[in-house]
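Peer 1: Coordinates in target-v2.txt, compact mmCIF, C-alpha atoms and all ligand atoms, are listed below.
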```
# COMPACT_ATOMS: atom_id res chain seq x y z
CA MET Q 27 -40.57 -4.14 58.02
CA ILE Q 28 -38.99 -3.59 61.41
CA GLY Q 29 -37.63 -6.80 62.80
CA MET Q 30 -37.80 -8.54 59.47
CA SER Q 31 -34.44 -9.15 57.96
CA ALA Q 32 -34.12 -8.93 54.22
CA VAL Q 33 -33.98 -12.10 52.20
CA GLU Q 34 -30.67 -12.53 50.45
CA TRP Q 35 -30.50 -13.44 46.75
CA LEU Q 36 -27.42 -15.29 45.57
CA GLU Q 37 -26.87 -15.80 41.87
CA PRO Q 38 -23.51 -17.44 41.14
CA ARG Q 39 -22.16 -17.45 37.60
CA SER Q 40 -20.20 -20.68 37.74
CA LEU Q 41 -20.68 -24.12 39.23
CA GLU Q 42 -17.57 -23.60 41.33
CA GLU Q 43 -19.00 -20.44 42.84
CA ALA Q 44 -22.37 -22.16 43.38
CA LEU Q 45 -20.70 -25.05 45.19
CA ASP Q 46 -18.73 -22.64 47.38
CA LEU Q 47 -21.96 -20.95 48.43
CA ARG Q 48 -23.65 -24.29 48.96
CA ALA Q 49 -20.76 -25.46 51.14
CA ARG Q 50 -20.82 -22.22 53.10
CA TYR Q 51 -24.55 -22.04 53.75
CA GLY Q 52 -25.85 -25.60 53.44
CA GLU Q 53 -29.52 -25.72 54.37
CA ASP Q 54 -29.47 -22.01 55.23
CA ALA Q 55 -29.59 -21.23 51.53
CA THR Q 56 -32.59 -22.58 49.64
CA VAL Q 57 -31.56 -23.78 46.20
CA VAL Q 58 -33.67 -22.30 43.38
CA ALA Q 59 -33.86 -24.14 40.08
CA GLY Q 60 -37.13 -23.46 38.19
CA GLY Q 61 -38.87 -22.50 41.40
CA THR Q 62 -42.26 -24.17 40.91
CA PHE Q 63 -42.19 -26.46 43.93
CA LEU Q 64 -40.48 -23.76 45.94
CA GLY Q 65 -43.13 -21.23 44.91
CA ILE Q 66 -45.90 -23.57 46.05
CA LEU Q 67 -44.24 -24.11 49.43
CA MET Q 68 -43.63 -20.39 49.91
CA ASN Q 69 -47.13 -19.32 48.84
CA GLN Q 70 -48.63 -21.84 51.22
CA GLY Q 71 -46.47 -20.62 54.07
CA PHE Q 72 -44.62 -23.92 54.49
CA LEU Q 73 -41.28 -22.33 53.78
CA ARG Q 74 -39.82 -18.89 54.42
CA PRO Q 75 -36.27 -18.90 53.05
CA VAL Q 76 -33.75 -16.48 54.48
CA ARG Q 77 -31.39 -16.89 51.57
CA LEU Q 78 -32.06 -18.01 48.01
CA LEU Q 79 -29.34 -19.62 45.94
CA ALA Q 80 -30.41 -19.42 42.30
CA LEU Q 81 -28.76 -21.58 39.69
CA ARG Q 82 -30.15 -19.75 36.67
CA GLY Q 83 -26.89 -17.92 36.02
CA VAL Q 84 -24.65 -20.99 36.14
CA LEU Q 85 -23.39 -21.56 32.63
CA ASP Q 86 -24.08 -24.77 30.73
CA LEU Q 87 -26.25 -26.32 33.39
CA ASP Q 88 -29.23 -26.39 31.01
CA SER Q 89 -27.73 -28.22 28.06
CA ILE Q 90 -28.84 -31.52 26.54
CA ASN Q 91 -26.13 -33.64 24.93
CA GLN Q 92 -25.42 -37.08 23.61
CA GLU Q 93 -22.29 -38.76 24.90
CA ASN Q 94 -21.12 -42.27 23.98
CA GLU Q 95 -24.60 -43.39 22.99
CA GLY Q 96 -26.02 -42.01 26.25
CA LEU Q 97 -28.08 -38.91 26.92
CA VAL Q 98 -26.96 -36.15 29.31
CA LEU Q 99 -29.65 -33.83 30.62
CA GLY Q 100 -28.41 -30.70 32.38
CA ALA Q 101 -30.01 -30.08 35.78
CA MET Q 102 -31.43 -26.73 34.65
CA ALA Q 103 -33.00 -27.99 31.42
CA THR Q 104 -36.73 -27.38 31.70
CA HIS Q 105 -39.33 -30.08 31.17
CA ARG Q 106 -40.49 -28.36 28.00
CA VAL Q 107 -37.00 -28.23 26.54
CA VAL Q 108 -36.55 -31.95 27.23
CA GLU Q 109 -39.93 -32.94 25.81
CA ARG Q 110 -39.35 -30.92 22.62
CA SER Q 111 -35.70 -31.78 22.08
CA GLY Q 112 -35.22 -33.60 18.78
CA MET Q 113 -32.43 -35.66 20.33
CA VAL Q 114 -34.59 -36.90 23.21
CA ARG Q 115 -37.66 -37.56 21.06
CA GLU Q 116 -35.64 -39.47 18.55
CA GLY Q 117 -33.55 -41.63 20.89
CA TRP Q 118 -35.65 -41.75 24.07
CA PRO Q 119 -39.26 -41.12 23.02
CA ALA Q 120 -40.77 -42.61 26.18
CA LEU Q 121 -38.69 -40.20 28.26
CA ALA Q 122 -39.80 -37.22 26.17
CA HIS Q 123 -43.36 -38.45 26.70
CA ALA Q 124 -42.95 -38.74 30.49
CA PHE Q 125 -41.79 -35.11 30.66
CA SER Q 126 -44.56 -33.95 28.30
CA VAL Q 127 -47.40 -35.20 30.49
CA VAL Q 128 -46.40 -33.22 33.58
CA ALA Q 129 -49.07 -30.68 34.61
CA SER Q 130 -49.45 -27.86 32.07
CA PRO Q 131 -47.15 -26.10 29.57
CA ARG Q 132 -46.81 -23.33 32.16
CA VAL Q 133 -45.38 -25.61 34.79
CA ARG Q 134 -43.18 -27.40 32.26
CA ASN Q 135 -41.71 -24.11 31.06
CA GLN Q 136 -40.44 -23.53 34.56
CA ALA Q 137 -39.81 -26.92 36.18
CA THR Q 138 -36.37 -28.43 35.66
CA VAL Q 139 -34.78 -31.89 35.45
CA GLY Q 140 -32.65 -31.29 38.56
CA GLY Q 141 -35.58 -29.81 40.43
CA VAL Q 142 -37.98 -32.68 39.89
CA LEU Q 143 -35.37 -35.12 41.21
CA ALA Q 144 -34.17 -33.04 44.15
CA ASP Q 145 -37.76 -32.30 45.26
CA ALA Q 146 -38.49 -36.03 45.24
CA ASP Q 147 -42.24 -35.56 45.15
CA TYR Q 148 -43.74 -39.05 45.06
CA ALA Q 149 -46.27 -38.05 42.41
CA SER Q 150 -43.97 -36.55 39.77
CA ASP Q 151 -43.85 -38.27 36.39
CA PRO Q 152 -40.19 -38.18 35.27
CA PRO Q 153 -38.47 -40.04 38.16
CA ALA Q 154 -40.16 -43.39 37.48
CA MET Q 155 -39.26 -43.24 33.79
CA LEU Q 156 -35.69 -42.21 34.55
CA ALA Q 157 -35.37 -45.06 37.04
CA ALA Q 158 -36.73 -47.56 34.51
CA LEU Q 159 -34.14 -46.36 32.00
CA ASP Q 160 -31.48 -46.91 34.67
CA ALA Q 161 -30.48 -43.24 34.62
CA ARG Q 162 -27.95 -41.82 37.08
CA VAL Q 163 -27.99 -38.53 38.89
CA VAL Q 164 -24.63 -36.76 38.82
CA VAL Q 165 -24.10 -34.58 41.87
CA ALA Q 166 -21.18 -32.31 42.68
CA GLY Q 167 -20.00 -31.19 46.11
CA SER Q 168 -16.90 -30.26 48.10
CA GLY Q 169 -15.72 -33.85 47.82
CA GLY Q 170 -15.99 -33.93 44.03
CA ARG Q 171 -18.56 -35.67 41.89
CA ARG Q 172 -20.51 -38.87 42.36
CA GLU Q 173 -23.13 -40.74 40.39
CA ILE Q 174 -26.22 -42.24 41.99
CA PRO Q 175 -28.82 -44.39 40.23
CA VAL Q 176 -32.14 -42.51 40.20
CA ALA Q 177 -33.74 -45.49 41.93
CA ASP Q 178 -31.38 -44.96 44.90
CA PHE Q 179 -31.28 -41.16 44.79
CA ILE Q 180 -34.88 -40.77 45.90
CA LEU Q 181 -35.17 -42.28 49.37
CA ASP Q 182 -38.65 -41.35 50.52
CA HIS Q 183 -41.21 -38.55 50.40
CA TYR Q 184 -39.25 -35.35 49.64
CA THR Q 185 -36.04 -37.03 50.78
CA THR Q 186 -32.98 -37.72 48.65
CA SER Q 187 -29.42 -38.83 49.22
CA LEU Q 188 -28.14 -35.36 48.29
CA GLU Q 189 -25.73 -34.01 50.92
CA GLU Q 190 -25.91 -30.48 52.32
CA ASP Q 191 -22.95 -29.33 50.26
CA GLU Q 192 -24.02 -30.97 47.02
CA LEU Q 193 -25.95 -29.87 43.95
CA VAL Q 194 -27.50 -31.93 41.18
CA VAL Q 195 -25.51 -31.22 38.04
CA GLU Q 196 -26.92 -33.55 35.41
CA VAL Q 197 -28.73 -36.79 34.73
CA ARG Q 198 -27.17 -39.47 32.56
CA VAL Q 199 -29.39 -41.88 30.68
CA PRO Q 200 -27.60 -44.90 29.23
CA GLY Q 201 -27.75 -45.80 25.52
CA ARG Q 202 -31.10 -46.06 23.82
CA ALA Q 203 -33.38 -48.57 25.46
CA ARG Q 204 -34.49 -51.23 23.00
CA ARG Q 205 -38.07 -50.60 23.98
CA ALA Q 206 -39.57 -48.29 26.59
CA VAL Q 207 -43.03 -47.07 27.57
CA TYR Q 208 -44.55 -44.71 30.10
CA ARG Q 209 -48.18 -44.96 31.19
CA LYS Q 210 -49.76 -42.29 33.36
CA PHE Q 211 -53.02 -43.20 35.04
CA ARG Q 212 -54.94 -40.13 36.21
CA SER Q 213 -57.93 -40.41 38.48
CA ARG Q 214 -59.01 -36.77 38.32
CA SER Q 215 -58.31 -34.09 35.70
CA SER Q 216 -56.03 -34.13 32.67
CA GLU Q 217 -53.35 -31.84 34.09
CA ASP Q 218 -53.25 -33.67 37.42
CA ARG Q 219 -50.38 -35.70 38.78
CA PRO Q 220 -50.66 -39.46 38.31
CA CYS Q 221 -52.60 -41.70 40.66
CA VAL Q 222 -50.40 -44.52 39.40
CA SER Q 223 -47.69 -44.36 36.78
CA VAL Q 224 -45.81 -47.25 35.20
CA ALA Q 225 -42.53 -47.00 33.34
CA ALA Q 226 -41.15 -50.11 31.64
CA ALA Q 227 -37.97 -50.47 29.63
CA GLU Q 228 -35.65 -53.09 28.25
CA VAL Q 229 -32.21 -51.92 29.22
CA GLY Q 230 -29.08 -53.94 28.46
CA GLY Q 231 -31.16 -57.02 27.74
CA GLY Q 232 -33.04 -56.90 31.04
CA LEU Q 233 -36.55 -55.70 31.88
CA ARG Q 234 -37.05 -52.84 34.32
CA VAL Q 235 -40.53 -51.95 35.51
CA VAL Q 236 -40.85 -48.98 37.85
CA VAL Q 237 -44.13 -47.85 39.39
CA GLY Q 238 -44.45 -44.22 40.45
CA ALA Q 239 -46.86 -42.13 42.56
CA VAL Q 240 -47.89 -45.01 44.83
CA ALA Q 241 -45.32 -44.76 47.62
CA GLY Q 242 -42.57 -42.53 49.01
CA ARG Q 243 -40.19 -43.53 46.25
CA PRO Q 244 -40.36 -45.17 42.81
CA GLN Q 245 -41.07 -48.90 43.18
CA TYR Q 246 -38.81 -51.39 41.41
CA PHE Q 247 -38.74 -55.16 41.99
CA PRO Q 248 -35.83 -56.83 40.18
CA GLU Q 249 -36.98 -60.38 41.04
CA ALA Q 250 -40.34 -59.84 39.42
CA CYS Q 251 -38.68 -58.27 36.38
CA ALA Q 252 -36.33 -61.26 36.10
CA LEU Q 253 -39.34 -63.40 35.21
CA ALA Q 254 -38.94 -61.92 31.72
CA GLU Q 255 -35.93 -64.25 31.32
CA SER Q 256 -37.71 -67.30 32.72
CA GLY Q 257 -38.97 -68.47 29.36
CA ARG Q 258 -42.54 -67.57 30.21
CA THR Q 259 -44.37 -66.02 27.34
CA GLU Q 260 -47.01 -63.40 26.76
CA PRO Q 261 -49.70 -62.85 27.98
CA ASP Q 262 -48.91 -65.04 30.95
CA LEU Q 263 -45.71 -63.13 31.66
CA ALA Q 264 -47.33 -59.70 31.83
CA ASP Q 265 -50.06 -61.06 34.12
CA GLU Q 266 -47.58 -62.62 36.48
CA ILE Q 267 -45.28 -59.60 36.74
CA ALA Q 268 -48.30 -57.33 37.26
CA ARG Q 269 -49.61 -59.63 39.98
CA ARG Q 270 -46.28 -59.57 41.79
CA TYR Q 271 -46.01 -55.78 41.63
CA ALA Q 272 -49.53 -55.39 42.99
CA GLU Q 273 -48.64 -57.74 45.82
CA ALA Q 274 -45.27 -56.23 46.67
CA ILE Q 275 -46.24 -52.56 46.68
CA GLU Q 276 -47.65 -51.00 49.86
CA PRO Q 277 -49.58 -48.13 48.31
CA ILE Q 278 -50.39 -44.88 50.03
CA SER Q 279 -53.86 -43.35 50.19
CA ASP Q 280 -54.39 -39.78 49.10
CA ALA Q 281 -56.89 -37.60 47.24
CA ARG Q 282 -56.05 -39.43 44.00
CA GLY Q 283 -56.98 -42.85 45.31
CA SER Q 284 -57.08 -45.14 48.32
CA ALA Q 285 -54.43 -47.78 48.90
CA ARG Q 286 -56.90 -50.48 47.94
CA TYR Q 287 -57.85 -48.76 44.72
CA ARG Q 288 -54.23 -48.11 43.84
CA ARG Q 289 -53.28 -51.75 44.35
CA ARG Q 290 -55.88 -52.78 41.79
CA VAL Q 291 -54.79 -50.07 39.38
CA VAL Q 292 -51.18 -51.20 39.72
CA ALA Q 293 -52.16 -54.72 38.66
CA VAL Q 294 -53.95 -53.42 35.59
CA GLU Q 295 -51.49 -50.73 34.59
CA VAL Q 296 -48.35 -52.86 34.94
CA ARG Q 297 -49.97 -55.48 32.70
CA ARG Q 298 -50.95 -52.84 30.17
CA ALA Q 299 -47.49 -51.26 30.24
CA LEU Q 300 -45.94 -54.64 29.46
CA GLU Q 301 -48.44 -55.27 26.68
CA ASP Q 302 -47.54 -51.87 25.24
CA LEU Q 303 -43.85 -52.65 25.63
CA TYR Q 304 -44.03 -55.98 23.83
CA ARG Q 305 -46.08 -54.39 21.08
CA GLU Q 306 -43.43 -51.70 20.46
CA MET D 22 -33.24 -5.45 45.42
CA LYS D 23 -33.48 -3.75 42.03
CA VAL D 24 -34.68 -6.14 39.34
CA PRO D 25 -34.37 -5.14 35.68
CA LEU D 26 -37.50 -6.27 33.84
CA VAL D 27 -38.81 -5.91 30.31
CA VAL D 28 -42.57 -5.61 30.74
CA ASN D 29 -44.68 -5.35 27.59
CA GLY D 30 -41.69 -4.03 25.73
CA GLU D 31 -40.72 -1.46 28.33
CA ARG D 32 -37.44 -1.71 30.20
CA VAL D 33 -37.79 -0.89 33.88
CA ALA D 34 -35.85 -1.61 37.01
CA VAL D 35 -38.24 -2.29 39.87
CA GLU D 36 -37.73 -2.55 43.57
CA ALA D 37 -38.80 -5.99 44.75
CA ARG D 38 -38.03 -8.42 47.51
CA PRO D 39 -36.14 -11.43 46.20
CA ASP D 40 -38.75 -13.77 47.66
CA GLU D 41 -41.63 -11.94 46.01
CA MET D 42 -43.46 -13.57 43.12
CA LEU D 43 -43.73 -11.68 39.83
CA LEU D 44 -47.54 -11.69 40.10
CA GLY D 45 -47.59 -9.12 42.91
CA VAL D 46 -44.95 -6.95 41.27
CA LEU D 47 -46.84 -6.77 37.98
CA ARG D 48 -50.03 -5.72 39.74
CA ARG D 49 -48.46 -3.29 42.21
CA GLU D 50 -45.66 -1.68 40.22
CA PHE D 51 -47.22 -1.81 36.76
CA GLY D 52 -50.95 -1.83 37.44
CA LEU D 53 -51.33 -4.87 35.18
CA LEU D 54 -54.53 -6.19 36.69
CA SER D 55 -55.13 -8.81 33.99
CA VAL D 56 -52.67 -10.96 35.94
CA ARG D 57 -54.78 -12.55 38.66
CA GLU D 58 -54.12 -14.70 41.63
CA THR D 59 -56.45 -17.54 42.44
CA CYS D 60 -54.79 -20.77 43.46
CA GLY D 61 -51.22 -19.60 44.05
CA ILE D 62 -49.97 -23.11 43.29
CA GLY D 63 -49.65 -23.17 39.51
CA VAL D 64 -52.89 -25.02 38.87
CA CYS D 65 -55.46 -22.53 37.57
CA GLY D 66 -53.68 -20.29 35.03
CA ALA D 67 -55.39 -17.03 36.07
CA CYS D 68 -51.91 -15.57 36.60
CA THR D 69 -50.52 -16.65 33.20
CA VAL D 70 -47.97 -14.33 31.61
CA LEU D 71 -45.64 -15.00 28.70
CA VAL D 72 -41.97 -15.08 29.59
CA ASP D 73 -39.84 -14.91 26.47
CA GLY D 74 -43.01 -15.92 24.63
CA GLU D 75 -43.78 -19.00 26.75
CA PRO D 76 -46.66 -19.23 29.25
CA VAL D 77 -45.57 -19.28 32.88
CA SER D 78 -47.43 -18.96 36.21
CA ALA D 79 -46.59 -15.52 37.58
CA CYS D 80 -47.71 -16.76 41.00
CA LEU D 81 -44.78 -19.19 41.09
CA LEU D 82 -42.11 -17.07 39.46
CA LEU D 83 -39.71 -15.44 41.90
CA THR D 84 -39.20 -11.92 40.60
CA PRO D 85 -35.41 -12.13 40.23
CA LEU D 86 -35.89 -15.18 37.98
CA ALA D 87 -37.65 -12.86 35.53
CA ALA D 88 -34.72 -10.45 35.40
CA GLY D 89 -33.81 -9.47 31.86
CA ARG D 90 -36.58 -11.58 30.34
CA ASP D 91 -39.44 -10.44 28.16
CA ILE D 92 -42.71 -10.38 30.11
CA THR D 93 -45.93 -10.11 28.11
CA THR D 94 -49.38 -9.60 29.59
CA VAL D 95 -52.65 -9.42 27.71
CA GLU D 96 -52.68 -5.60 28.03
CA SER D 97 -50.02 -5.42 25.33
CA LEU D 98 -52.12 -7.26 22.74
CA GLY D 99 -54.19 -4.15 22.19
CA GLY D 100 -57.62 -5.71 21.86
CA ASP D 101 -57.41 -6.47 18.17
CA HIS D 102 -55.21 -9.54 18.29
CA PRO D 103 -56.70 -12.44 16.27
CA VAL D 104 -57.07 -14.55 19.43
CA GLN D 105 -58.81 -11.71 21.23
CA ARG D 106 -61.14 -11.15 18.28
CA ALA D 107 -61.95 -14.85 18.20
CA PHE D 108 -62.77 -14.87 21.93
CA VAL D 109 -65.17 -11.98 21.44
CA GLU D 110 -66.73 -13.53 18.38
CA ALA D 111 -67.25 -16.90 20.07
CA GLU D 112 -68.34 -15.22 23.32
CA ALA D 113 -65.83 -17.39 25.09
CA PHE D 114 -66.35 -15.99 28.58
CA GLN D 115 -68.88 -15.01 31.17
CA CYS D 116 -67.14 -13.13 33.98
CA GLY D 117 -63.86 -12.83 32.07
CA TYR D 118 -61.67 -13.67 35.04
CA CYS D 119 -59.82 -16.51 33.31
CA THR D 120 -59.78 -14.85 29.88
CA PRO D 121 -56.37 -13.13 29.90
CA GLY D 122 -54.67 -16.41 30.85
CA MET D 123 -56.68 -18.32 28.26
CA ILE D 124 -55.79 -15.84 25.53
CA LEU D 125 -52.07 -15.82 26.27
CA THR D 126 -51.95 -19.61 26.45
CA ALA D 127 -53.95 -19.94 23.23
CA LYS D 128 -51.62 -17.45 21.54
CA ARG D 129 -48.63 -19.63 22.29
CA LEU D 130 -50.52 -22.81 21.39
CA LEU D 131 -51.27 -21.46 17.92
CA GLU D 132 -47.65 -20.45 17.40
CA GLU D 133 -46.61 -24.01 18.17
CA MET D 134 -49.51 -25.74 16.43
CA PRO D 135 -51.18 -23.51 13.84
CA GLU D 136 -53.89 -26.10 13.21
CA PRO D 137 -54.51 -27.83 16.52
CA SER D 138 -57.01 -30.65 16.86
CA GLU D 139 -59.69 -30.39 19.53
CA GLU D 140 -57.71 -32.87 21.63
CA GLU D 141 -54.56 -30.75 21.32
CA ILE D 142 -56.44 -27.63 22.35
CA LYS D 143 -57.88 -29.39 25.39
CA THR D 144 -54.50 -30.71 26.44
CA TYR D 145 -52.67 -27.44 25.96
CA LEU D 146 -55.32 -25.42 27.79
CA GLY D 147 -55.84 -28.16 30.40
CA GLY D 148 -54.01 -26.10 33.01
CA ASN D 149 -56.23 -23.04 32.58
CA LEU D 150 -59.42 -23.28 34.59
CA CYS D 151 -62.64 -21.38 33.92
CA ARG D 152 -64.92 -21.13 36.92
CA CYS D 153 -67.80 -20.13 34.68
CA GLY D 154 -67.37 -23.32 32.69
CA CYS D 155 -67.09 -21.70 29.26
CA TYR D 156 -64.88 -24.45 27.94
CA VAL D 157 -67.01 -25.29 24.92
CA LYS D 158 -66.89 -21.68 23.73
CA ILE D 159 -63.22 -21.31 24.58
CA ILE D 160 -62.32 -24.30 22.42
CA GLU D 161 -64.51 -22.85 19.69
CA ALA D 162 -62.66 -19.54 19.96
CA VAL D 163 -59.27 -21.19 19.61
CA LYS D 164 -60.47 -23.06 16.52
CA LEU D 165 -61.80 -19.81 15.13
CA ALA D 166 -58.51 -18.03 15.72
CA ALA D 167 -56.67 -20.91 14.06
CA ALA D 168 -58.96 -20.81 11.04
CA GLU D 169 -58.37 -17.10 10.70
CA SER D 170 -54.97 -18.01 9.22
CA TYR D 171 -53.23 -16.94 12.34
CA PRO D 172 -49.88 -15.38 11.37
CA LEU D 173 -47.24 -18.07 11.77
CA ARG D 174 -44.17 -17.27 13.70
CA GLU D 175 -40.97 -19.25 13.56
CA VAL D 176 -41.01 -21.60 16.53
CA SER D 177 -37.58 -22.36 17.85
CA GLY D 178 -36.83 -26.02 18.49
CA THR D 179 -35.94 -25.62 22.11
S1 LIG V 1 -52.79 -18.26 40.58
FE1 LIG V 1 -51.07 -18.88 39.44
S2 LIG V 1 -51.74 -20.71 38.54
FE2 LIG V 1 -53.37 -20.19 39.83
S1 LIG V 2 -65.25 -16.66 32.21
FE1 LIG V 2 -65.47 -16.64 34.35
S2 LIG V 2 -63.78 -17.81 34.96
FE2 LIG V 2 -63.77 -18.10 32.86
```
Take the structure in this file and express it as structure tokens.

Peer 2:
Amino acid sequence: MIGMSAVEWLEPRSLEEALDLRARYGEDATVVAGGTFLGILMNQGFLRPVRLLALRGVLDLDSINQENEGLVLGAMATHRVVERSGMVREGWPALAHAFSVVASPRVRNQATVGGVLADADYASDPPAMLAALDARVVVAGSGGRREIPVADFILDHYTTSLEEDELVVEVRVPGRARRAVYRKFRSRSSEDRPCVSVAAAEVGGGLRVVVGAVAGRPQYFPEACALAESGRTEPDLADEIARRYAEAIEPISDARGSARYRRRVVAVEVRRALEDLYRE
Amino acid sequence: MKVPLVVNGERVAVEARPDEMLLGVLRREFGLLSVRETCGIGVCGACTVLVDGEPVSACLLLTPLAAGRDITTVESLGGDHPVQRAFVEAEAFQCGYCTPGMILTAKRLLEEMPEPSEEEIKTYLGGNLCRCGCYVKIIEAVKLAAAESYPLREVSGT
């Protein structure tokens, strides 16, 4: 081990202490939530952290609460805890569903709410649903706290608007959506990430359709969604919104599907999501 | 660093690097060779262990994250566990490489859903791959174990 310096493990007990360490080390300390994404990067040799800042010991970061009609998911709540929470299933069933279709029970026992947002992997399930529900990410840093809509938090592939001294603390989902659905289209095996995912919700009277896994960030087109108020009716409405999404999105190509294939799937899946939504 | 672990009921403090995954520690320090590495990215389930009763990929679990938690590997089941008996009876393996992970995952599945449908079995075990392709027999084994009035355990809500 000569010449190899030891990796340092930091395990703060309070958020204050965690933020101090984050402010001190910034990118020189790799934040550890559940550790799934991190484990993949480390095992593949893409990342060799010199210092690990684990949040597991920070009190209360894993709670799930209801506050003024809204839902508050702690950053360290695991996917499995969210999907099985009576509160989430009862008030936000589509959200519970979006968490429940991620990979396998193994991954969901480890992966966290804060982690899936901070990693900003384009092909994760929960971000699109959270964005459709108009959820906000609450982050804390040296300058205090701020709230960022999920749709603006994720900027591009593995890129977020989180600053070097900030940590994700919780996610706030506004009062129960009147109707909400999440559709995951897989092109390979059952535990795979989506090729295309569509989340649709009626929030505060308006329609929000968000398409995931097709580009660097969740795709949301307010103008197309506004057609829901244009007086157009089903099935014409669903067709038209789906057509506009398929036109507006510039899909990526990867092992789960080419750009061309994805564009066609978007048209079909957005229509189906809206049909499901209006059937709710 | 010294990491206090509870492995198959035994409390031990092991020496591990903080960036080392639990998989290697279980094999090296405890000789638990039922925990196997294949993909190293959480996809295959050959490295499945139970952490506080829940299946987790040991290949993705940083050792310090397991500190103080209950780690169970198939070695502790003793060979006569209802799920193990069902796997033998259904001949739910060829090479046996995936079997420990399958058994641990099935154990937890049956605690959560004592009478799973075929669809539920497939979904729950979807993240455990069998290179020998014994899926038909594996599903049969899980059904068999379920039918054998598997002892119910209280499942906590969260
Ligand atoms: S080796 Fe851990 S899931 Fe494949
Ligand atoms: S029995 Fe050989 S991998 Fe499953």

Peer 1: Within 10 Å of chain D, which residues of chain Q are there when counting only C-alpha atoms? Please give them as an MDAnalysis selection string.

Peer 2: chainID Q and resid 32:37 58:70 74:78 80:83 104 106:112 127 129:136 215:218

Peer 1: Go ahead and save the residues from that selection, with C-alpha atoms, as an mmCIF file, keeping the file's coordinate frame.

Peer 2:
```cif
data_model
loop_
_atom_site.group_PDB
_atom_site.id
_atom_site.type_symbol
_atom_site.label_atom_id
_atom_site.label_comp_id
_atom_site.auth_asym_id
_atom_site.auth_seq_id
_atom_site.Cartn_x
_atom_site.Cartn_y
_atom_site.Cartn_z
ATOM 1 C CA ALA Q 32 -34.120 -8.930 54.220
ATOM 2 C CA VAL Q 33 -33.980 -12.100 52.200
ATOM 3 C CA GLU Q 34 -30.670 -12.530 50.450
ATOM 4 C CA TRP Q 35 -30.500 -13.440 46.750
ATOM 5 C CA LEU Q 36 -27.420 -15.290 45.570
ATOM 6 C CA GLU Q 37 -26.870 -15.800 41.870
ATOM 7 C CA VAL Q 58 -33.670 -22.300 43.380
ATOM 8 C CA ALA Q 59 -33.860 -24.140 40.080
ATOM 9 C CA GLY Q 60 -37.130 -23.460 38.190
ATOM 10 C CA GLY Q 61 -38.870 -22.500 41.400
ATOM 11 C CA THR Q 62 -42.260 -24.170 40.910
ATOM 12 C CA PHE Q 63 -42.190 -26.460 43.930
ATOM 13 C CA LEU Q 64 -40.480 -23.760 45.940
ATOM 14 C CA GLY Q 65 -43.130 -21.230 44.910
ATOM 15 C CA ILE Q 66 -45.900 -23.570 46.050
ATOM 16 C CA LEU Q 67 -44.240 -24.110 49.430
ATOM 17 C CA MET Q 68 -43.630 -20.390 49.910
ATOM 18 C CA ASN Q 69 -47.130 -19.320 48.840
ATOM 19 C CA GLN Q 70 -48.630 -21.840 51.220
ATOM 20 C CA ARG Q 74 -39.820 -18.890 54.420
ATOM 21 C CA PRO Q 75 -36.270 -18.900 53.050
ATOM 22 C CA VAL Q 76 -33.750 -16.480 54.480
ATOM 23 C CA ARG Q 77 -31.390 -16.890 51.570
ATOM 24 C CA LEU Q 78 -32.060 -18.010 48.010
ATOM 25 C CA ALA Q 80 -30.410 -19.420 42.300
ATOM 26 C CA LEU Q 81 -28.760 -21.580 39.690
ATOM 27 C CA ARG Q 82 -30.150 -19.750 36.670
ATOM 28 C CA GLY Q 83 -26.890 -17.920 36.020
ATOM 29 C CA THR Q 104 -36.730 -27.380 31.700
ATOM 30 C CA ARG Q 106 -40.490 -28.360 28.000
ATOM 31 C CA VAL Q 107 -37.000 -28.230 26.540
ATOM 32 C CA VAL Q 108 -36.550 -31.950 27.230
ATOM 33 C CA GLU Q 109 -39.930 -32.940 25.810
ATOM 34 C CA ARG Q 110 -39.350 -30.920 22.620
ATOM 35 C CA SER Q 111 -35.700 -31.780 22.080
ATOM 36 C CA GLY Q 112 -35.220 -33.600 18.780
ATOM 37 C CA VAL Q 127 -47.400 -35.200 30.490
ATOM 38 C CA ALA Q 129 -49.070 -30.680 34.610
ATOM 39 C CA SER Q 130 -49.450 -27.860 32.070
ATOM 40 C CA PRO Q 131 -47.150 -26.100 29.570
ATOM 41 C CA ARG Q 132 -46.810 -23.330 32.160
ATOM 42 C CA VAL Q 133 -45.380 -25.610 34.790
ATOM 43 C CA ARG Q 134 -43.180 -27.400 32.260
ATOM 44 C CA ASN Q 135 -41.710 -24.110 31.060
ATOM 45 C CA GLN Q 136 -40.440 -23.530 34.560
ATOM 46 C CA SER Q 215 -58.310 -34.090 35.700
ATOM 47 C CA SER Q 216 -56.030 -34.130 32.670
ATOM 48 C CA GLU Q 217 -53.350 -31.840 34.090
ATOM 49 C CA ASP Q 218 -53.250 -33.670 37.420
#
```

Peer 1: Just the residues within 7 Å of Arg57 (chain D), please, counting only C-alpha atoms, with nothing from its chain fewer than 3 positions along; format it as a PDB file with C-alpha atoms, in the frame of the given file.

Peer 2:
```
ATOM      1  CA  LEU D  54     -54.530  -6.190  36.690  1.00  0.00           C
ATOM      2  CA  ALA D  67     -55.390 -17.030  36.070  1.00  0.00           C
ATOM      3  CA  CYS D  68     -51.910 -15.570  36.600  1.00  0.00           C
TER       4      CYS D  68
END
```

Peer 1: Mind checking which residues fall within 9 Å of Thr186 (chain Q), counting all atoms listed in the file, ignoring those fewer than 5 positions away in the same chain, and posting them as a tab-separated table (two decimals) with C-alpha atoms, in the frame of the given file?

Peer 2:
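Full text of part_17.tsv as output:
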```tsv
chain	number	residue	atom	x	y	z
Q	143	LEU	CA	-35.37	-35.12	41.21
Q	144	ALA	CA	-34.17	-33.04	44.15
Q	145	ASP	CA	-37.76	-32.30	45.26
Q	146	ALA	CA	-38.49	-36.03	45.24
Q	178	ASP	CA	-31.38	-44.96	44.90
Q	179	PHE	CA	-31.28	-41.16	44.79
Q	180	ILE	CA	-34.88	-40.77	45.90
Q	181	LEU	CA	-35.17	-42.28	49.37
```
